[in-house]
Structures are given as C-alpha cells and as structure tokens.
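For reference, run_38.cif is printed below; it contains mmCIF, C-alpha atoms.
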data_target
#
loop_
_atom_site.group_PDB
_atom_site.id
_atom_site.type_symbol
_atom_site.label_atom_id
_atom_site.label_comp_id
_atom_site.auth_asym_id
_atom_site.auth_seq_id
_atom_site.Cartn_x
_atom_site.Cartn_y
_atom_site.Cartn_z
ATOM 1 C CA MET Q 1 -17.158 7.309 62.836
ATOM 2 C CA ASP Q 2 -18.847 5.956 65.924
ATOM 3 C CA GLY Q 3 -21.093 3.419 64.161
ATOM 4 C CA GLY Q 4 -23.947 4.481 66.429
ATOM 5 C CA ILE Q 5 -27.457 5.386 65.428
ATOM 6 C CA ARG Q 6 -28.648 8.828 66.437
ATOM 7 C CA MET Q 7 -31.176 11.362 65.330
ATOM 8 C CA ALA Q 8 -29.537 14.735 64.873
ATOM 9 C CA ALA Q 9 -31.532 17.896 65.512
ATOM 10 C CA GLY Q 10 -32.403 19.775 62.356
ATOM 11 C CA THR Q 11 -31.972 16.779 60.025
ATOM 12 C CA GLY Q 12 -35.666 16.425 59.334
ATOM 13 C CA GLY Q 13 -35.734 13.052 61.092
ATOM 14 C CA LYS Q 14 -33.027 11.523 58.898
ATOM 15 C CA LEU Q 15 -30.867 8.768 60.264
ATOM 16 C CA SER Q 16 -27.248 9.774 60.896
ATOM 17 C CA ILE Q 17 -24.956 6.760 60.810
ATOM 18 C CA GLY Q 18 -21.208 6.181 60.685
ATOM 19 C CA ILE Q 19 -20.324 3.832 57.833
ATOM 20 C CA GLY Q 20 -17.133 1.807 57.502
ATOM 21 C CA ILE Q 21 -15.131 1.151 54.348
ATOM 22 C CA ALA Q 22 -16.357 -2.455 54.377
ATOM 23 C CA TRP Q 23 -19.930 -1.222 53.861
ATOM 24 C CA LEU Q 24 -18.893 0.953 50.931
ATOM 25 C CA SER Q 25 -17.359 -2.023 49.156
ATOM 26 C CA LEU Q 26 -20.388 -4.218 49.896
ATOM 27 C CA ALA Q 27 -22.846 -1.604 48.621
ATOM 28 C CA ALA Q 28 -21.322 -1.322 45.154
ATOM 29 C CA GLY Q 29 -23.655 -2.818 42.588
ATOM 30 C CA VAL Q 30 -26.211 -4.256 45.015
ATOM 31 C CA THR Q 31 -29.491 -5.060 43.278
ATOM 32 C CA ALA Q 32 -32.546 -7.121 44.057
ATOM 33 C CA ALA Q 33 -31.521 -10.734 44.495
ATOM 34 C CA GLY Q 34 -33.481 -13.248 42.457
ATOM 35 C CA ALA Q 35 -35.131 -10.793 40.065
ATOM 36 C CA ALA Q 36 -35.192 -11.893 36.447
ATOM 37 C CA GLY Q 37 -36.503 -10.384 33.258
ATOM 38 C CA PRO Q 38 -38.078 -6.999 32.625
ATOM 39 C CA PRO Q 39 -40.371 -5.431 35.211
ATOM 40 C CA LEU Q 40 -44.037 -6.433 35.051
ATOM 41 C CA ALA Q 41 -45.042 -3.108 36.608
ATOM 42 C CA SER Q 42 -43.620 -0.157 38.449
ATOM 43 C CA ALA Q 43 -45.016 2.445 40.829
ATOM 44 C CA GLY Q 44 -43.186 5.216 42.615
ATOM 45 C CA ASP Q 45 -39.779 3.933 43.684
ATOM 46 C CA TRP Q 46 -40.536 0.199 43.280
ATOM 47 C CA THR Q 47 -40.764 -2.381 40.480
ATOM 48 C CA LEU Q 48 -42.481 -5.763 40.268
ATOM 49 C CA ALA Q 49 -40.663 -8.519 38.362
ATOM 50 C CA ARG Q 50 -40.718 -12.290 37.957
ATOM 51 C CA ALA Q 51 -38.211 -14.023 40.236
ATOM 52 C CA ASP Q 52 -35.899 -16.989 40.041
ATOM 53 C CA GLY Q 53 -36.616 -19.118 43.059
ATOM 54 C CA PRO Q 54 -39.488 -20.260 45.253
ATOM 55 C CA SER Q 55 -41.483 -17.017 45.012
ATOM 56 C CA PRO Q 56 -42.918 -16.202 41.576
ATOM 57 C CA CYS Q 57 -42.377 -12.430 41.933
ATOM 58 C CA ILE Q 58 -40.197 -9.927 43.708
ATOM 59 C CA LEU Q 59 -40.675 -6.241 44.504
ATOM 60 C CA ALA Q 60 -37.457 -4.231 44.402
ATOM 61 C CA THR Q 61 -36.513 -0.598 44.707
ATOM 62 C CA THR Q 62 -35.631 1.255 41.511
ATOM 63 C CA SER Q 63 -32.264 2.251 43.019
ATOM 64 C CA PRO Q 64 -29.610 -0.279 44.098
ATOM 65 C CA SER Q 65 -30.603 -1.661 47.489
ATOM 66 C CA ARG Q 66 -30.551 -4.803 49.615
ATOM 67 C CA VAL Q 67 -34.239 -4.224 50.449
ATOM 68 C CA GLN Q 68 -36.856 -6.252 48.587
ATOM 69 C CA VAL Q 69 -40.305 -7.694 49.168
ATOM 70 C CA VAL Q 70 -40.910 -11.372 48.528
ATOM 71 C CA GLY Q 71 -44.392 -12.682 49.179
ATOM 72 C CA SER Q 72 -45.650 -11.115 52.382
ATOM 73 C CA ARG Q 73 -42.350 -10.093 53.914
ATOM 74 C CA LEU Q 74 -39.771 -7.349 53.493
ATOM 75 C CA GLU Q 75 -36.212 -8.673 53.316
ATOM 76 C CA VAL Q 76 -32.802 -7.075 53.644
ATOM 77 C CA THR Q 77 -30.557 -9.521 51.783
ATOM 78 C CA GLY Q 78 -26.897 -10.027 50.935
ATOM 79 C CA LEU Q 79 -25.660 -9.746 54.524
ATOM 80 C CA PRO Q 80 -22.721 -11.702 55.980
ATOM 81 C CA LYS Q 81 -23.977 -15.161 56.967
ATOM 82 C CA GLU Q 82 -23.620 -16.234 60.601
ATOM 83 C CA SER Q 83 -22.120 -12.797 61.372
ATOM 84 C CA LEU Q 84 -25.046 -10.514 62.230
ATOM 85 C CA PHE Q 85 -24.817 -8.860 65.649
ATOM 86 C CA ASN Q 86 -28.019 -6.801 65.868
ATOM 87 C CA TYR Q 87 -30.306 -4.440 63.964
ATOM 88 C CA GLN Q 88 -32.553 -1.440 64.502
ATOM 89 C CA TYR Q 89 -35.123 0.011 62.138
ATOM 90 C CA ARG Q 90 -37.296 3.050 61.730
ATOM 91 C CA ILE Q 91 -40.462 3.750 59.756
ATOM 92 C CA ASP Q 92 -41.023 7.387 58.774
ATOM 93 C CA ASP Q 93 -40.338 9.700 61.731
ATOM 94 C CA GLN Q 94 -41.278 7.166 64.395
ATOM 95 C CA PRO Q 95 -38.750 6.388 67.117
ATOM 96 C CA VAL Q 96 -35.952 3.985 66.249
ATOM 97 C CA SER Q 97 -36.708 0.436 67.370
ATOM 98 C CA ASN Q 98 -34.817 -1.243 70.175
ATOM 99 C CA ALA Q 99 -31.777 -3.217 69.059
ATOM 100 C CA MET Q 100 -32.861 -6.727 68.062
ATOM 101 C CA ILE Q 101 -30.868 -9.927 67.691
ATOM 102 C CA PRO Q 102 -31.387 -11.755 64.372
ATOM 103 C CA SER Q 103 -32.933 -15.229 64.655
ATOM 104 C CA PRO Q 104 -30.839 -18.318 63.849
ATOM 105 C CA ALA Q 105 -32.726 -18.613 60.524
ATOM 106 C CA MET Q 106 -31.797 -15.009 59.636
ATOM 107 C CA GLN Q 107 -28.167 -15.675 60.603
ATOM 108 C CA LYS Q 108 -28.045 -18.760 58.380
ATOM 109 C CA ALA Q 109 -29.652 -16.927 55.435
ATOM 110 C CA GLY Q 110 -27.613 -13.733 55.797
ATOM 111 C CA ALA Q 111 -30.829 -11.706 55.729
ATOM 112 C CA ILE Q 112 -33.164 -9.772 58.021
ATOM 113 C CA TRP Q 113 -36.886 -9.965 57.339
ATOM 114 C CA PHE Q 114 -40.102 -8.423 58.573
ATOM 115 C CA GLU Q 115 -43.425 -10.293 58.516
ATOM 116 C CA GLY Q 116 -46.858 -9.942 60.082
ATOM 117 C CA ASP Q 117 -47.572 -6.737 61.994
ATOM 118 C CA ALA Q 118 -44.084 -5.305 61.349
ATOM 119 C CA PHE Q 119 -44.510 -5.839 57.594
ATOM 120 C CA ASP Q 120 -47.994 -4.283 57.681
ATOM 121 C CA ALA Q 121 -46.598 -1.221 59.485
ATOM 122 C CA ILE Q 122 -43.848 -0.888 56.869
ATOM 123 C CA LEU Q 123 -46.413 -1.044 54.029
ATOM 124 C CA LYS Q 124 -48.267 1.897 55.604
ATOM 125 C CA GLY Q 125 -45.095 3.994 55.817
ATOM 126 C CA ARG Q 126 -43.368 6.404 53.454
ATOM 127 C CA ARG Q 127 -39.730 5.613 54.340
ATOM 128 C CA PHE Q 128 -37.922 2.608 55.838
ATOM 129 C CA GLN Q 129 -34.489 2.820 57.433
ATOM 130 C CA ILE Q 130 -32.458 -0.019 58.894
ATOM 131 C CA ARG Q 131 -29.037 -0.224 60.516
ATOM 132 C CA ILE Q 132 -27.426 -3.634 60.912
ATOM 133 C CA LEU Q 133 -24.241 -4.295 62.833
ATOM 134 C CA ASP Q 134 -22.152 -7.307 61.921
ATOM 135 C CA ARG Q 135 -19.972 -9.125 64.446
ATOM 136 C CA TRP Q 136 -17.078 -6.784 63.602
ATOM 137 C CA HIS Q 137 -19.378 -3.838 64.458
ATOM 138 C CA GLU Q 138 -19.363 -2.534 60.902
ATOM 139 C CA ALA Q 139 -22.644 -0.762 60.122
ATOM 140 C CA ILE Q 140 -24.689 -1.824 57.104
ATOM 141 C CA THR Q 141 -27.445 0.685 56.388
ATOM 142 C CA GLU Q 142 -30.389 1.053 54.046
ATOM 143 C CA ASP Q 143 -32.724 4.023 53.688
ATOM 144 C CA VAL Q 144 -35.466 3.465 51.109
ATOM 145 C CA SER Q 145 -38.567 5.265 49.971
ATOM 146 C CA LEU Q 146 -41.729 3.177 50.260
ATOM 147 C CA ASN Q 147 -43.515 5.255 47.611
ATOM 148 C CA GLY Q 148 -45.450 2.835 45.368
ATOM 149 C CA LEU Q 149 -44.779 -0.308 47.400
ATOM 150 C CA ARG Q 150 -48.303 -0.740 48.751
ATOM 151 C CA SER Q 151 -49.978 -0.567 45.331
ATOM 152 C CA LEU Q 152 -47.452 -2.975 43.795
ATOM 153 C CA GLN Q 153 -47.872 -5.376 46.734
ATOM 154 C CA ASP Q 154 -51.601 -5.484 45.973
ATOM 155 C CA GLN Q 155 -50.838 -6.108 42.269
ATOM 156 C CA ALA Q 156 -48.311 -8.852 43.128
ATOM 157 C CA ARG Q 157 -50.929 -10.701 45.159
ATOM 158 C CA THR Q 158 -53.142 -11.039 42.075
ATOM 159 C CA GLU Q 159 -50.534 -11.419 39.287
ATOM 160 C CA CYS Q 160 -47.986 -13.637 41.005
ATOM 161 C CA GLN Q 161 -50.031 -16.475 42.466
#

Output the structure of this file as structure tokens.
Amino acid sequence: MDGGIRMAAGTGGKLSIGIGIAWLSLAAGVTAAGAAGPPLASAGDWTLARADGPSPCILATTSPSRVQVVGSRLEVTGLPKESLFNYQYRIDDQPVSNAMIPSPAMQKAGAIWFEGDAFDAILKGRRFQIRILDRWHEAITEDVSLNGLRSLQDQARTECQ
C-alpha cells in the first residue's frame, strides 16, 4: 500500500488508492451526519431529509458515506479534527486536482467542503471521488455516484427554506 493516488490503465478511469486499516475501522457504519427522520424525497443514489442543526435539510447518499450536501455546499464529514494533511478530488473522468491544504476552518471542523464554482462543477458531474490524507498519511477515500443529486438539490431549495 503506497497511499498514493494514481489512475491505472484499463480501469475505466477509476481511482486506485491504497487504504490503511485505520480507514477501514473509520468507514464502518458511516452515515450522513445530522440527518433525522424519514426521507422527504429520493432520486438516483441520493435522499433528501430534514436535518438536526442549522440547515433545515440534508442530502445524503443512499449508501454509507461521509459525503453529504448541506445548503449550497458538498461536505465530506467525520474526519479527524486538526489532523488533515491534504486532499485531492476528481469529478467524472477529469484529471485529479492538485493536492490542496485544508483551511483552518476545515481543520477545526474535521470536514472538507466545496462551495461556489467547485460545488457547481460537482453538481454537473456523474461521479465524485476524493482522497484525503491525515497527518499520519493514512488515506481516507470516498467514491460516490452523483446520480439524482442535481434534481434533489433543486427540490431542497424550494422545500427546505
């Protein structure tokens, strides 16, 4: 396991990533943080539900994942606080982004988020992949389908004001 991100030939553009045992233990039972009650709606691989917290609704994947949409930003939550080293992401078959350093606010929250143009680009995609390295260089990865997200985001804007 090298922990590096690489695109292997013949993988159909899939992300090949070494994953440590720490990630496997963290991934067990991960669900959308803050979601409460039954879904209000679902489309494709996403559900819309009321949330506990400052945002009235949350969009979450139908499979266990750290990825969720709150308001007008995509978040990767449940990460080690004050211990994020860097992250890279990919939308569809586009090139992998440069390694980025999480902001102090992201470090404090233990989350990575995408707003503005980056969020708009994600909404237009079919698949979102992210690889996060913590300070111990353990890789935390997510690979989610974006099928249904755009239509539910439009619905959330009207139902969850």

Could you state which residues are captured by the PyMOL selection byres ((chain Q and resi 127-132) around 6) in this file, as a PDB file with C-alpha atoms, in the coordinates of the input?
ATOM      1  CA  ASN Q  86     -28.019  -6.801  65.868  1.00  0.00           C
ATOM      2  CA  TYR Q  87     -30.306  -4.440  63.964  1.00  0.00           C
ATOM      3  CA  GLN Q  88     -32.553  -1.440  64.502  1.00  0.00           C
ATOM      4  CA  TYR Q  89     -35.123   0.011  62.138  1.00  0.00           C
ATOM      5  CA  ARG Q  90     -37.296   3.050  61.730  1.00  0.00           C
ATOM      6  CA  ILE Q  91     -40.462   3.750  59.756  1.00  0.00           C
ATOM      7  CA  ASP Q  92     -41.023   7.387  58.774  1.00  0.00           C
ATOM      8  CA  GLY Q 125     -45.095   3.994  55.817  1.00  0.00           C
ATOM      9  CA  ARG Q 126     -43.368   6.404  53.454  1.00  0.00           C
ATOM     10  CA  LEU Q 133     -24.241  -4.295  62.833  1.00  0.00           C
ATOM     11  CA  ALA Q 139     -22.644  -0.762  60.122  1.00  0.00           C
ATOM     12  CA  ILE Q 140     -24.689  -1.824  57.104  1.00  0.00           C
ATOM     13  CA  THR Q 141     -27.445   0.685  56.388  1.00  0.00           C
ATOM     14  CA  GLU Q 142     -30.389   1.053  54.046  1.00  0.00           C
ATOM     15  CA  ASP Q 143     -32.724   4.023  53.688  1.00  0.00           C
ATOM     16  CA  VAL Q 144     -35.466   3.465  51.109  1.00  0.00           C
ATOM     17  CA  SER Q 145     -38.567   5.265  49.971  1.00  0.00           C
ATOM     18  CA  LEU Q 146     -41.729   3.177  50.260  1.00  0.00           C
TER      19      LEU Q 146
END

>> Ranking Q:Ala118, Q:Ala41, Q:Val96, Q:Leu84 by minimum distance to Leu149 of chain Q and counting all atoms listed in the file, which one comes first?
In response: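 Checking each candidate against Leu149 of chain Q, we get Q:Ala41 as the closest.
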
> Pick the closest to His137 of chain Q from Q:Phe85, Q:Ser97, Q:Gly116, Q:Ser65: which is it, counting only C-alpha atoms?
Replying inline: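 Nearest candidate to His137 of chain Q out of Q:Phe85, Q:Ser97, Q:Gly116, Q:Ser65: Q:Phe85.
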
> Which neighbours of Trp46 of chain Q fall inside 10 Å, counting all atoms listed in the file, when residues of the same chain fewer than 5 positions from it are skipped, and could you give them as an MDAnalysis selection string?
Replying inline: chainID Q and resid 39 41 59:63 68:69 144:153

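The interatomic distance for the pair atom CA of Thr77 of chain Q and atom CA of Ala99 of chain Q works out to 18.4 Å.
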
>> Once the PyMOL selection byres ((chain Q and resi 106) around 12) is applied to the coordinates I shared, what remains selected? I want it as a PyMOL selection string.
In response: chain Q and resi 75-87+100-105+107-114

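Counting only C-alpha atoms and comparing Q:Asn98, Q:Ser72, Q:Thr47, Q:Gln155, the residue that lies closest to Glu115 of chain Q is Q:Ser72.
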
Could you work out an axis-aligned bounding box for all listed atoms of segment 126-145 of chain Q, with 3 Å added on each of the six sides, and give its centre and edge lengths in Å to one decimal, as AutoDock Vina command-line options?
--center_x -30.2 --center_y -1.4 --center_z 57.2 --size_x 32.3 --size_y 21.5 --size_z 20.5

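Taking atom CA of Arg50 of chain Q as the reference point, atom CA of Glu159 of chain Q is found at 9.9 Å.
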
> What is the atom CA of Arg73 of chain Q-atom CA of Phe119 of chain Q distance in Å, reported with one decimal?
Replying inline: 6.0 Å

>> Just checking: using all atoms listed in the file, which residue out of Q:Pro38, Q:Gly71, Q:Thr158, Q:Ile122 ends up closest to Ile58 of chain Q?
In response: Q:Gly71
